[in-house]
Structures are given as C-alpha cells and as structure tokens.
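Structure first, commentary second.
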Amino acid sequence: MTSKRTLTTLFEGGNYFECPRWREDRWWVSDFYRYAVFSYDREGRERLEVEVEAQPSGLGWLPDGDLLVVSMKDRRVLRRQADGLVATHAQLSELTTGHANDMVVDRQGRAFVGNFGFDLMGGGIPAPASLVRIEPDGTAAVAAEDLWFPNGTVITGDGTLIVAETFAARFTAFDIRPDGSLANRRVWGQVQPAPEPGDTETMLSAVSFAPDGCALDAEGHLWAANALGAAVCRVAPGGRIVDEVAMPEGLSVFACGLGGKDGRTLIACAAPDFYEEARKAAREAVLLTTTVAVPRAGLP
C-alpha cells in the first residue's frame, strides 16, 4: 500500500506549517508560530503575505480575489484586500468552543470554518464542536454541530462538503443547499471505529488514524494527512486506505494539498510533532512534495 515515491523538500526551516493552498503558481501556507502566511514559488523561494498575531490557520479566497485567513486564538476570520488592508471579515467567538481552525471557501464566497471544540494545548477534555458558515458579507452562523474536531474540509464539484473529524477517525459529508445551509449528513468514510469519548490521550491512543488537512482528487478520493501515522493517506469513499506516502523518519504530517501546473503535485506539511511549545522553540517544519497520478479536483 505504501508508495515508493521520492519526496522533494520545497522549504525547510518553518515552525509549524498548515493549510497548504495552490494559487497563482505558488504554494500558500500558514505558519502557526511565525504568526504569518507565506507563499512559495516552485523553487521554494519564500514570500511573506500577511502577519496574523493570533496565529493563522485556514486559507481561502473570495471571488474578488481577497484573501481570507483564519485567526485561531481570537476566533476571527481576517480579510486582506487588494490594497493590502487587513480587516476582520467575521467574528466567531460566540459560535465556537475552541481555537478556530481549517477553512474552505466555496465559489460563491461562503466560508466554512471548523474549530477545536476544547482547549487542546491546555489539557482540556475533548468535546464535539461546530462547523461555522460565513456569508460573503461576513455574517456567521452554525452550519453543523456535534463534530469531533472538525478539521480539513473540501467541497466537491457537485456541491458536497466533506469534513475530516480528527478525533473520530472519519470523514463526514453534507450536501450544500443553494442558500449555503447543510443537509443530508452522512459518513463519507469511517477509516477506523470511532473511539469512545475521553481525554485526548485516551481517544487518540485508541486509533492509529487521525485525519487532519486533506485534499480531493479527480477520482473522488481524499488525500489526508494522518496526524498519528506519519503518512499522507489516499482514502476511498467508504474509508478504505488505498495508498499512502510515508514521511521521512522523525517527521509527522499535519496537512496536505494538491496543486502544481497539472494538479498532480502532492504537498505535505511535516514537523516532528504538534505540541505548541516545542514547535515555537525550533525551526524544524518542512514542506515536502511528490507527484501523484490523479490530479486535484474541487475546492480548495
């Protein structure tokens, strides 16, 4: 199942990369603990795009080209306009119960944002969380509830939203109605049995697959970073892992994306672990790429 692929280092020396996106012939990523969004050309040359004091996460673009960035710790979504001005696009504090996290933006400019649901870094007890929908004008509302750490999210070409539930070892799907509301909730893929609720260590020790950032390909499969398995896994509808790309020794992986000129470049955001203090203290995060057979599809 594990592919014998060559991994190429695009960039090394970050603190903790997340949420890679391909746009304008560049990779865009958030670096949590350099508190900024950066972009990289195909030779790995870095460009600072926007600083986010409260820690950046999910990225997306509105139809007019303005950049949206999740600001994790103050639970906002920021909007960087064409003139460089950065302002609050939406405030999510009243709708979330943990750090705001990953995000996908649809072609109408609606954003869907997950959150931790509890104080992960402070030793809190895991609890179900909401997925928030933000309208193009910044109005926000809860779109779905009772998700176990809603994380990486994609939208298919036919308007299906699929969200990774990191603490439940599964992906959950919804139909996006014309008004942006979500309907027809169902399990898209249960990779392993979901653990019983408990503390973080208990829940994560009960599984070996915890989906984090993910990307959709043209055969309707998901590439997902397995935060527990040091591999990017290709998951078929239903939950079977059909391929995986292992990380180099000593590295785990927390997000992935598909992009490049032909959509067949798979990028992995890798670091030794996800612990905040350790990642703040060291510049050990890397961006790794390889080539896959099936190109990207959908959003992001």
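Scheme for the structure tokens: letters A, B, ... for chains in order shown; per-chain residue numbers from 1; ligand numbers from 1 in order shown.
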
* Asked: Using only C-alpha atoms, which residues sit within 12 Å of Ala218 (chain A) once same-chain residues fewer than 5 positions away are excluded, as a ChimeraX atom specification?
  -> /A:156-157,223,236,258,262-264,292-299

Please produce an output containing N, CA, C and O atoms for each residue in the selection, written as an mmCIF file, in the first residue's frame.
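Resulting contents of selection_14.cif:
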```cif
data_model
loop_
_atom_site.group_PDB
_atom_site.id
_atom_site.type_symbol
_atom_site.label_atom_id
_atom_site.label_comp_id
_atom_site.auth_asym_id
_atom_site.auth_seq_id
_atom_site.Cartn_x
_atom_site.Cartn_y
_atom_site.Cartn_z
ATOM 1 N N THR A 156 -16.682 19.214 -3.177
ATOM 2 C CA THR A 156 -16.610 18.522 -4.460
ATOM 3 C C THR A 156 -17.285 19.348 -5.549
ATOM 4 O O THR A 156 -18.005 20.317 -5.275
ATOM 5 N N GLY A 157 -17.085 18.934 -6.797
ATOM 6 C CA GLY A 157 -17.666 19.649 -7.921
ATOM 7 C C GLY A 157 -19.179 19.644 -7.931
ATOM 8 O O GLY A 157 -19.802 20.547 -8.507
ATOM 9 N N TRP A 223 -6.871 12.681 -0.299
ATOM 10 C CA TRP A 223 -5.559 12.579 0.326
ATOM 11 C C TRP A 223 -5.669 13.279 1.670
ATOM 12 O O TRP A 223 -6.106 14.431 1.739
ATOM 13 N N ALA A 236 -10.418 6.093 -0.053
ATOM 14 C CA ALA A 236 -11.543 5.917 -0.968
ATOM 15 C C ALA A 236 -12.853 6.174 -0.237
ATOM 16 O O ALA A 236 -12.937 6.032 0.988
ATOM 17 N N LEU A 258 -3.100 19.403 -2.983
ATOM 18 C CA LEU A 258 -2.799 19.061 -4.361
ATOM 19 C C LEU A 258 -2.723 20.339 -5.178
ATOM 20 O O LEU A 258 -3.557 21.235 -5.039
ATOM 21 N N ASP A 262 -0.202 20.897 -13.266
ATOM 22 C CA ASP A 262 -1.152 19.882 -13.725
ATOM 23 C C ASP A 262 -1.990 19.305 -12.593
ATOM 24 O O ASP A 262 -2.729 18.344 -12.805
ATOM 25 N N GLY A 263 -1.891 19.881 -11.397
ATOM 26 C CA GLY A 263 -2.683 19.417 -10.260
ATOM 27 C C GLY A 263 -2.224 18.113 -9.653
ATOM 28 O O GLY A 263 -2.911 17.561 -8.803
ATOM 29 N N ARG A 264 -1.041 17.625 -10.065
ATOM 30 C CA ARG A 264 -0.586 16.313 -9.595
ATOM 31 C C ARG A 264 0.545 16.398 -8.563
ATOM 32 O O ARG A 264 1.120 15.380 -8.196
ATOM 33 N N VAL A 292 1.750 12.586 -7.889
ATOM 34 C CA VAL A 292 0.738 11.514 -7.862
ATOM 35 C C VAL A 292 0.083 11.413 -9.224
ATOM 36 O O VAL A 292 0.230 12.289 -10.081
ATOM 37 N N ALA A 293 -0.653 10.327 -9.429
ATOM 38 C CA ALA A 293 -1.201 10.047 -10.760
ATOM 39 C C ALA A 293 -2.480 10.812 -11.062
ATOM 40 O O ALA A 293 -2.730 11.204 -12.207
ATOM 41 N N VAL A 294 -3.310 11.030 -10.036
ATOM 42 C CA VAL A 294 -4.637 11.616 -10.249
ATOM 43 C C VAL A 294 -4.621 13.079 -9.799
ATOM 44 O O VAL A 294 -4.232 13.369 -8.670
ATOM 45 N N PRO A 295 -5.032 14.007 -10.655
ATOM 46 C CA PRO A 295 -4.933 15.431 -10.299
ATOM 47 C C PRO A 295 -6.006 15.873 -9.305
ATOM 48 O O PRO A 295 -6.948 15.149 -9.003
ATOM 49 N N ARG A 296 -5.835 17.080 -8.857
ATOM 50 C CA ARG A 296 -6.741 17.677 -7.888
ATOM 51 C C ARG A 296 -8.124 17.897 -8.487
ATOM 52 O O ARG A 296 -8.302 17.948 -9.712
ATOM 53 N N ALA A 297 -9.091 18.076 -7.597
ATOM 54 C CA ALA A 297 -10.443 18.409 -8.005
ATOM 55 C C ALA A 297 -11.091 19.224 -6.888
ATOM 56 O O ALA A 297 -10.623 19.233 -5.753
ATOM 57 N N GLY A 298 -12.188 19.871 -7.205
ATOM 58 C CA GLY A 298 -12.960 20.576 -6.187
ATOM 59 C C GLY A 298 -12.208 21.709 -5.547
ATOM 60 O O GLY A 298 -11.308 22.314 -6.125
ATOM 61 N N LEU A 299 -12.581 21.997 -4.292
ATOM 62 C CA LEU A 299 -12.003 23.084 -3.510
ATOM 63 C C LEU A 299 -11.543 22.548 -2.166
ATOM 64 O O LEU A 299 -12.176 21.633 -1.638
#
```

Wanna dump the region 132-178 of chain A-region 193-208 of chain A contacts at 7 Å for me, each residue with its shortest atom pair and the distance in Å to one decimal, counting only C-alpha atoms, ordered by chain and number, as a tab-separated table?
```
residue	atom	partner	partner_atom	distance
A:Phe167	CA	A:Leu204	CA	6.9
A:Ala168	CA	A:Ala194	CA	4.5
A:Ala169	CA	A:Ala194	CA	5.8
```

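Every protein or nucleic acid residue with an atom no more than 9 Å from Asp175 (chain A), counting only C-alpha atoms and leaving out same-chain residues fewer than 6 positions away, appears here: Asp158, Gly159, Thr160, Leu161, Ile162, Ser181, Leu182, Ala183, Asn184 and Arg185 of chain A.
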
Counting only C-alpha atoms, what are the residues of region 147-266 of chain A within 6 Å of region 7-31 of chain A, and for each of them which pair of atoms is the nearest and at what distance in Å, to one decimal? Sort the table by chain and rising number, as a Markdown table.
```
| residue | atom | partner | partner_atom | distance |
| --- | --- | --- | --- | --- |
| A:Ala255 | CA | A:Glu18 | CA | 5.6 |
| A:Gly257 | CA | A:Pro20 | CA | 5.6 |
| A:Gly259 | CA | A:Trp22 | CA | 5.2 |
```

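Proximity to Cys214 (chain A) at 8 Å, evaluated using only C-alpha atoms and with sequence-adjacent residues fewer than 6 positions away removed, yields Gly152, Thr153, Val154, Ala164, Leu222, Trp223, Ala224, Ala225, Ala255, Cys256 and Gly257 of chain A.
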
Export N, CA and C atoms of the chosen residues as a PDB file, in the first residue's frame?
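The result, stored in part-v5.pdb:
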```
ATOM      1  N   GLY A 152      -9.657  19.469   8.355  1.00  0.00           N
ATOM      2  CA  GLY A 152      -9.576  19.682   6.922  1.00  0.00           C
ATOM      3  C   GLY A 152     -10.921  19.485   6.238  1.00  0.00           C
ATOM      4  N   THR A 153     -11.235  20.369   5.294  1.00  0.00           N
ATOM      5  CA  THR A 153     -12.550  20.361   4.650  1.00  0.00           C
ATOM      6  C   THR A 153     -12.387  20.604   3.153  1.00  0.00           C
ATOM      7  N   VAL A 154     -13.155  19.867   2.343  1.00  0.00           N
ATOM      8  CA  VAL A 154     -13.144  20.053   0.893  1.00  0.00           C
ATOM      9  C   VAL A 154     -14.570  20.181   0.392  1.00  0.00           C
ATOM     10  N   ALA A 164     -13.083  16.404   7.704  1.00  0.00           N
ATOM     11  CA  ALA A 164     -12.372  15.407   8.495  1.00  0.00           C
ATOM     12  C   ALA A 164     -12.695  15.622   9.972  1.00  0.00           C
ATOM     13  N   LEU A 222      -9.829  11.116  -1.289  1.00  0.00           N
ATOM     14  CA  LEU A 222      -9.217  12.147  -0.465  1.00  0.00           C
ATOM     15  C   LEU A 222      -7.786  11.759  -0.111  1.00  0.00           C
ATOM     16  N   TRP A 223      -6.871  12.681  -0.299  1.00  0.00           N
ATOM     17  CA  TRP A 223      -5.559  12.579   0.326  1.00  0.00           C
ATOM     18  C   TRP A 223      -5.669  13.279   1.670  1.00  0.00           C
ATOM     19  N   ALA A 224      -5.306  12.586   2.741  1.00  0.00           N
ATOM     20  CA  ALA A 224      -5.442  13.147   4.078  1.00  0.00           C
ATOM     21  C   ALA A 224      -4.170  12.923   4.870  1.00  0.00           C
ATOM     22  N   ALA A 225      -3.742  13.959   5.573  1.00  0.00           N
ATOM     23  CA  ALA A 225      -2.618  13.817   6.492  1.00  0.00           C
ATOM     24  C   ALA A 225      -3.082  13.037   7.717  1.00  0.00           C
ATOM     25  N   ALA A 255      -0.922  18.287   7.404  1.00  0.00           N
ATOM     26  CA  ALA A 255      -1.757  18.841   6.343  1.00  0.00           C
ATOM     27  C   ALA A 255      -1.170  18.447   5.009  1.00  0.00           C
ATOM     28  N   CYS A 256      -2.017  18.469   3.981  1.00  0.00           N
ATOM     29  CA  CYS A 256      -1.548  18.176   2.626  1.00  0.00           C
ATOM     30  C   CYS A 256      -2.404  18.943   1.639  1.00  0.00           C
ATOM     31  N   GLY A 257      -1.925  19.028   0.417  1.00  0.00           N
ATOM     32  CA  GLY A 257      -2.671  19.689  -0.633  1.00  0.00           C
ATOM     33  C   GLY A 257      -2.267  19.153  -1.989  1.00  0.00           C
TER      34      GLY A 257
END
```

* Asked: If we count only C-alpha atoms, what is near His99 (chain A) at a cut-off of 9 Å, once residues fewer than 2 positions away on the same chain are taken out, given as a PyMOL selection string?
  -> chain A and resi 71-75+96-97+101+114-120

Atoms kept (C-alpha atoms) for selection, written as a PDB file, in the first residue's frame:
```pdb
ATOM      1  CA  SER A  71      -7.058  33.873  13.081  1.00  0.00           C
ATOM      2  CA  MET A  72      -7.093  31.000  15.532  1.00  0.00           C
ATOM      3  CA  LYS A  73      -6.781  32.277  19.068  1.00  0.00           C
ATOM      4  CA  ASP A  74      -9.139  35.251  18.807  1.00  0.00           C
ATOM      5  CA  ARG A  75     -11.543  33.195  16.663  1.00  0.00           C
ATOM      6  CA  THR A  96     -17.089  28.213  18.635  1.00  0.00           C
ATOM      7  CA  THR A  97     -15.726  26.465  21.730  1.00  0.00           C
ATOM      8  CA  ASN A 101      -9.023  26.080  12.633  1.00  0.00           C
ATOM      9  CA  GLY A 114     -14.031  24.299  11.944  1.00  0.00           C
ATOM     10  CA  ASN A 115     -12.739  24.641  15.489  1.00  0.00           C
ATOM     11  CA  PHE A 116     -11.036  22.506  18.120  1.00  0.00           C
ATOM     12  CA  GLY A 117     -14.080  22.348  20.407  1.00  0.00           C
ATOM     13  CA  PHE A 118     -11.925  22.398  23.551  1.00  0.00           C
ATOM     14  CA  ASP A 119      -8.579  23.631  24.884  1.00  0.00           C
ATOM     15  CA  LEU A 120      -6.260  21.151  23.155  1.00  0.00           C
TER      16      LEU A 120
END
```

* strand (DSSP E) positions in region 42-261 of chain A, given as an NGL selection string -> :A and (46-51 or 56-61 or 67-71 or 76-80 or 86-91 or 100-105 or 111-115 or 129-134 or 140-147 or 150-155 or 160-165 or 170-176 or 182-190 or 211-216 or 222-226 or 231-235 or 241-246 or 252-259)

* **Which of A:Leu62, A:Ile134, A:Ala246, A:Leu68 sits closest to Arg107 (chain A) [using only C-alpha atoms]** => A:Leu62

* What separation in Å, quoted to one decimal, exists between CA of Arg240 (chain A) and CA of Asp217 (chain A)? -> 15.2 Å

Residues of region 133-252 of chain A that have any atom at most 9 Å from an atom of region 274-291 of chain A: could you tabulate them with the shortest-distance atom pair and the distance in Å to one decimal, using only C-alpha atoms, ordered by chain and increasing number, as JSON lines?
```
{"residue": "A:Ala227", "atom": "CA", "partner": "A:Phe274", "partner_atom": "CA", "distance": 8.6}
{"residue": "A:Val245", "atom": "CA", "partner": "A:Thr290", "partner_atom": "CA", "distance": 8.9}
{"residue": "A:Met247", "atom": "CA", "partner": "A:Leu288", "partner_atom": "CA", "distance": 8.8}
{"residue": "A:Leu251", "atom": "CA", "partner": "A:Ala285", "partner_atom": "CA", "distance": 8.6}
{"residue": "A:Ser252", "atom": "CA", "partner": "A:Phe274", "partner_atom": "CA", "distance": 8.5}
```

* Can you pull out every residue within 8 Å of Glu53 (chain A), counting only C-alpha atoms, but drop anything in the same chain fewer than 3 positions away, and send it as a PyMOL selection string? => chain A and resi 35-36+56+71

Produce a file of the selected residues containing N, CA, C and O atoms, as a compact mmCIF listing (two decimals), in the first residue's frame.
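Listing of out-v1.txt after writing:
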```
# COMPACT_ATOMS: atom_id res chain seq x y z
N TYR A 35 3.58 33.17 13.02
CA TYR A 35 2.43 34.07 13.05
C TYR A 35 2.26 34.80 11.74
O TYR A 35 2.05 36.02 11.70
N ALA A 36 2.30 34.04 10.66
CA ALA A 36 2.21 34.66 9.34
C ALA A 36 1.82 33.64 8.29
O ALA A 36 2.03 32.43 8.45
N PRO A 56 -2.26 32.11 12.47
CA PRO A 56 -3.05 31.83 11.27
C PRO A 56 -3.33 30.35 11.09
O PRO A 56 -2.57 29.50 11.53
N SER A 71 -7.88 33.44 11.95
CA SER A 71 -7.06 33.87 13.08
C SER A 71 -7.50 33.04 14.28
O SER A 71 -8.59 33.23 14.82
```

Please provide the set of residues having any atom within 10 Å of Val86 (chain A), restricted to only C-alpha atoms, with same-chain residues fewer than 6 positions apart removed, written as a JSON list (two decimals) with N, CA, C and O atoms, in the first residue's frame.
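Produced file selection_11.json, reproduced below:
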```json
[["chain", "number", "residue", "atom", "x", "y", "z"],
["A", 50, "VAL", "N", 1.04, 37.87, 4.80],
["A", 50, "VAL", "CA", 0.31, 38.64, 5.80],
["A", 50, "VAL", "C", 0.66, 38.10, 7.18],
["A", 50, "VAL", "O", 0.80, 36.89, 7.38],
["A", 51, "GLU", "N", 0.84, 39.00, 8.14],
["A", 51, "GLU", "CA", 1.10, 38.61, 9.51],
["A", 51, "GLU", "C", -0.22, 38.47, 10.27],
["A", 51, "GLU", "O", -1.14, 39.25, 10.06],
["A", 52, "VAL", "N", -0.29, 37.45, 11.13],
["A", 52, "VAL", "CA", -1.51, 37.17, 11.90],
["A", 52, "VAL", "C", -1.08, 36.95, 13.35],
["A", 52, "VAL", "O", -0.62, 35.87, 13.71],
["A", 66, "ASP", "N", -9.86, 38.68, -2.80],
["A", 66, "ASP", "CA", -9.41, 38.98, -1.45],
["A", 66, "ASP", "C", -9.09, 37.69, -0.70],
["A", 66, "ASP", "O", -9.82, 36.69, -0.82],
["A", 67, "LEU", "N", -8.01, 37.71, 0.07],
["A", 67, "LEU", "CA", -7.57, 36.56, 0.84],
["A", 67, "LEU", "C", -8.29, 36.51, 2.19],
["A", 67, "LEU", "O", -8.34, 37.52, 2.90],
["A", 68, "LEU", "N", -8.83, 35.35, 2.54],
["A", 68, "LEU", "CA", -9.38, 35.11, 3.88],
["A", 68, "LEU", "C", -8.40, 34.24, 4.65],
["A", 68, "LEU", "O", -7.86, 33.26, 4.12],
["A", 69, "VAL", "N", -8.18, 34.59, 5.93],
["A", 69, "VAL", "CA", -7.28, 33.86, 6.80],
["A", 69, "VAL", "C", -7.96, 33.66, 8.15],
["A", 69, "VAL", "O", -8.44, 34.63, 8.75],
["A", 78, "LEU", "N", -9.94, 36.89, 9.03],
["A", 78, "LEU", "CA", -9.44, 38.16, 8.52],
["A", 78, "LEU", "C", -9.57, 38.21, 7.01],
["A", 78, "LEU", "O", -9.57, 37.18, 6.34],
["A", 79, "ARG", "N", -9.65, 39.41, 6.48],
["A", 79, "ARG", "CA", -9.75, 39.62, 5.03],
["A", 79, "ARG", "C", -8.66, 40.59, 4.60],
["A", 79, "ARG", "O", -8.59, 41.72, 5.10],
["A", 80, "ARG", "N", -7.77, 40.12, 3.71],
["A", 80, "ARG", "CA", -6.76, 41.01, 3.15],
["A", 80, "ARG", "C", -7.23, 41.46, 1.78],
["A", 80, "ARG", "O", -7.38, 40.65, 0.87]]
```
